[in-house]
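Notes follow once the structure below has been shown.
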Amino acid sequence: MKKPLPKLLSLFLSFLKIGAFTFGGGYAMIALLESEFVSRKKWLEKEEFLDMLGIAESTPGPIAVNTATYIGYKVAGVLGALLSTLAVCLPAFVIIFVISLFFDKFLSLTYVGYAFRGVQVAVVYLIGSAGVKVLKGLKRNVFSIVLACVVFVAFIVLSLFAVKFSTVFYILIAGALGLTLYFIGRIRKEKAEPQKMEETPEESSEKEGEQ
């Protein structure tokens with residue numbers, strides 16, 4: 001029976017592996033992160049993972065680094081955050097550094113060009129599968145369904161007409177709508193509670209008669 005690795009070492013090796021074999025940036029990494037930390041290790045719940053993606057995307061910095069920092073801190077505190085961030089950045093740094101030493105010769109290799117074309121196809125699949133998994137994990141209510149449809153249609157229409165609209169605005173608008181809906185629901189709840197607590201004189205007399 002294999003002895004389980006210490007949590008810090010397991011965290012470091014997991015992000016080192018993800019950083020080394022993920023092509024296409026942070027969005028392509030989402031599917032691997034979900035598989036590793038939600039499905040396999042069960043260090044995060046599905047809902048928390050989705051919330052973490054929203055935070056990582058809406059805060060400054062690359063989504064890969066932000067997610068590594070969040071998960072590392074969640075699992076093993078400050079040291080876990082440092083090790084996770086280092087591990088996810090280390091493979092890319094080493095590879096880019098080595099390539100930069102003979103960059104011109106590297107690009108002139110025919111097989112390298114064909115390899116990158118194959119990688120591009122895999123990146124599309126990774127990003128698409130990540131999007132499908134996130135979509136499946138969303139809470140199915142009227143608000144989330146309508147908002148997802150509106151964002152999807154707006155993205156397609158603006159792309160077709162070559163209108164520049166940063167994805168950051170989608171996130172900010174959706175976040176603002178979510179907060180608005182939350183506060184409306186909270187205000188309605190606060191207004192409803194006093195009404196439930198107040199009793200009419202007829203109700204009070206009926207209760208006294210029963211006693």
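By order in the structure tokens, chains are A, B, ...; within a chain, residues start at 1; ligands start at 1, following the order shown.
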
For A:Val88: contacts at 12 Å, only C-alpha atoms, fewer than 5 positions along chain excluded, given as a PyMOL selection string: chain A and resi 11-22+25-26+29+33+62-69+71-72+81-83+93-94

Take the residues from that selection and write them out as a PDB file, in the first residue's frame, keeping C-alpha atoms.
```pdb
ATOM      1  CA  LEU A  11       0.194  20.284  -3.969  1.00  0.00           C
ATOM      2  CA  PHE A  12       3.524  21.296  -5.494  1.00  0.00           C
ATOM      3  CA  LEU A  13       3.735  18.234  -7.763  1.00  0.00           C
ATOM      4  CA  SER A  14       0.126  18.629  -8.899  1.00  0.00           C
ATOM      5  CA  PHE A  15       0.636  22.216 -10.024  1.00  0.00           C
ATOM      6  CA  LEU A  16       4.029  21.374 -11.510  1.00  0.00           C
ATOM      7  CA  LYS A  17       2.357  18.704 -13.638  1.00  0.00           C
ATOM      8  CA  ILE A  18      -0.503  20.997 -14.651  1.00  0.00           C
ATOM      9  CA  GLY A  19       1.887  23.842 -15.481  1.00  0.00           C
ATOM     10  CA  ALA A  20       4.093  21.554 -17.567  1.00  0.00           C
ATOM     11  CA  PHE A  21       1.369  19.905 -19.653  1.00  0.00           C
ATOM     12  CA  THR A  22      -1.153  22.702 -20.133  1.00  0.00           C
ATOM     13  CA  GLY A  25      -3.007  29.536 -21.073  1.00  0.00           C
ATOM     14  CA  GLY A  26      -5.136  29.601 -17.956  1.00  0.00           C
ATOM     15  CA  MET A  29      -5.956  24.753 -17.455  1.00  0.00           C
ATOM     16  CA  LEU A  33      -7.684  21.878 -12.277  1.00  0.00           C
ATOM     17  CA  PRO A  62      -3.252  35.727 -15.023  1.00  0.00           C
ATOM     18  CA  ILE A  63      -6.030  33.282 -14.182  1.00  0.00           C
ATOM     19  CA  ALA A  64      -3.519  30.406 -13.884  1.00  0.00           C
ATOM     20  CA  VAL A  65      -1.521  32.204 -11.182  1.00  0.00           C
ATOM     21  CA  ASN A  66      -4.636  33.406  -9.358  1.00  0.00           C
ATOM     22  CA  THR A  67      -6.174  29.932  -9.225  1.00  0.00           C
ATOM     23  CA  ALA A  68      -2.911  28.376  -8.061  1.00  0.00           C
ATOM     24  CA  THR A  69      -2.598  30.954  -5.289  1.00  0.00           C
ATOM     25  CA  ILE A  71      -6.120  26.671  -4.148  1.00  0.00           C
ATOM     26  CA  GLY A  72      -2.704  26.612  -2.470  1.00  0.00           C
ATOM     27  CA  ALA A  81      -0.037  29.458  -1.914  1.00  0.00           C
ATOM     28  CA  LEU A  82       3.657  30.223  -2.487  1.00  0.00           C
ATOM     29  CA  LEU A  83       4.521  26.669  -3.538  1.00  0.00           C
ATOM     30  CA  PHE A  93       9.665  29.875 -17.244  1.00  0.00           C
ATOM     31  CA  VAL A  94      12.143  27.044 -17.865  1.00  0.00           C
TER      32      VAL A  94
END
```

What's the 9 Å shell around A:Leu50, counting only C-alpha atoms, without same-chain residues fewer than 5 positions away, as a short mmCIF file (atom, residue, chain, number, x, y, z; two decimals) with N, CA and C atoms, in the first residue's frame?
```cif
data_model
loop_
_atom_site.label_atom_id
_atom_site.label_comp_id
_atom_site.auth_asym_id
_atom_site.auth_seq_id
_atom_site.Cartn_x
_atom_site.Cartn_y
_atom_site.Cartn_z
N GLU A 45 -14.97 21.77 -3.25
CA GLU A 45 -16.30 21.41 -3.71
C GLU A 45 -16.54 22.04 -5.09
N ILE A 55 -13.59 34.59 -9.10
CA ILE A 55 -12.67 35.48 -8.39
C ILE A 55 -11.36 35.61 -9.15
N VAL A 134 -17.98 23.87 -16.60
CA VAL A 134 -18.43 25.01 -15.78
C VAL A 134 -19.92 25.25 -15.98
N GLY A 137 -21.98 22.84 -14.06
CA GLY A 137 -21.93 23.05 -12.62
C GLY A 137 -22.72 24.23 -12.12
N LEU A 138 -23.20 25.09 -13.04
CA LEU A 138 -23.97 26.26 -12.63
C LEU A 138 -25.32 25.86 -12.05
#
```

What is the atom CA of A:Ile99 to atom CA of A:Phe116 distance in Å?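 The value is 14.0 Å.
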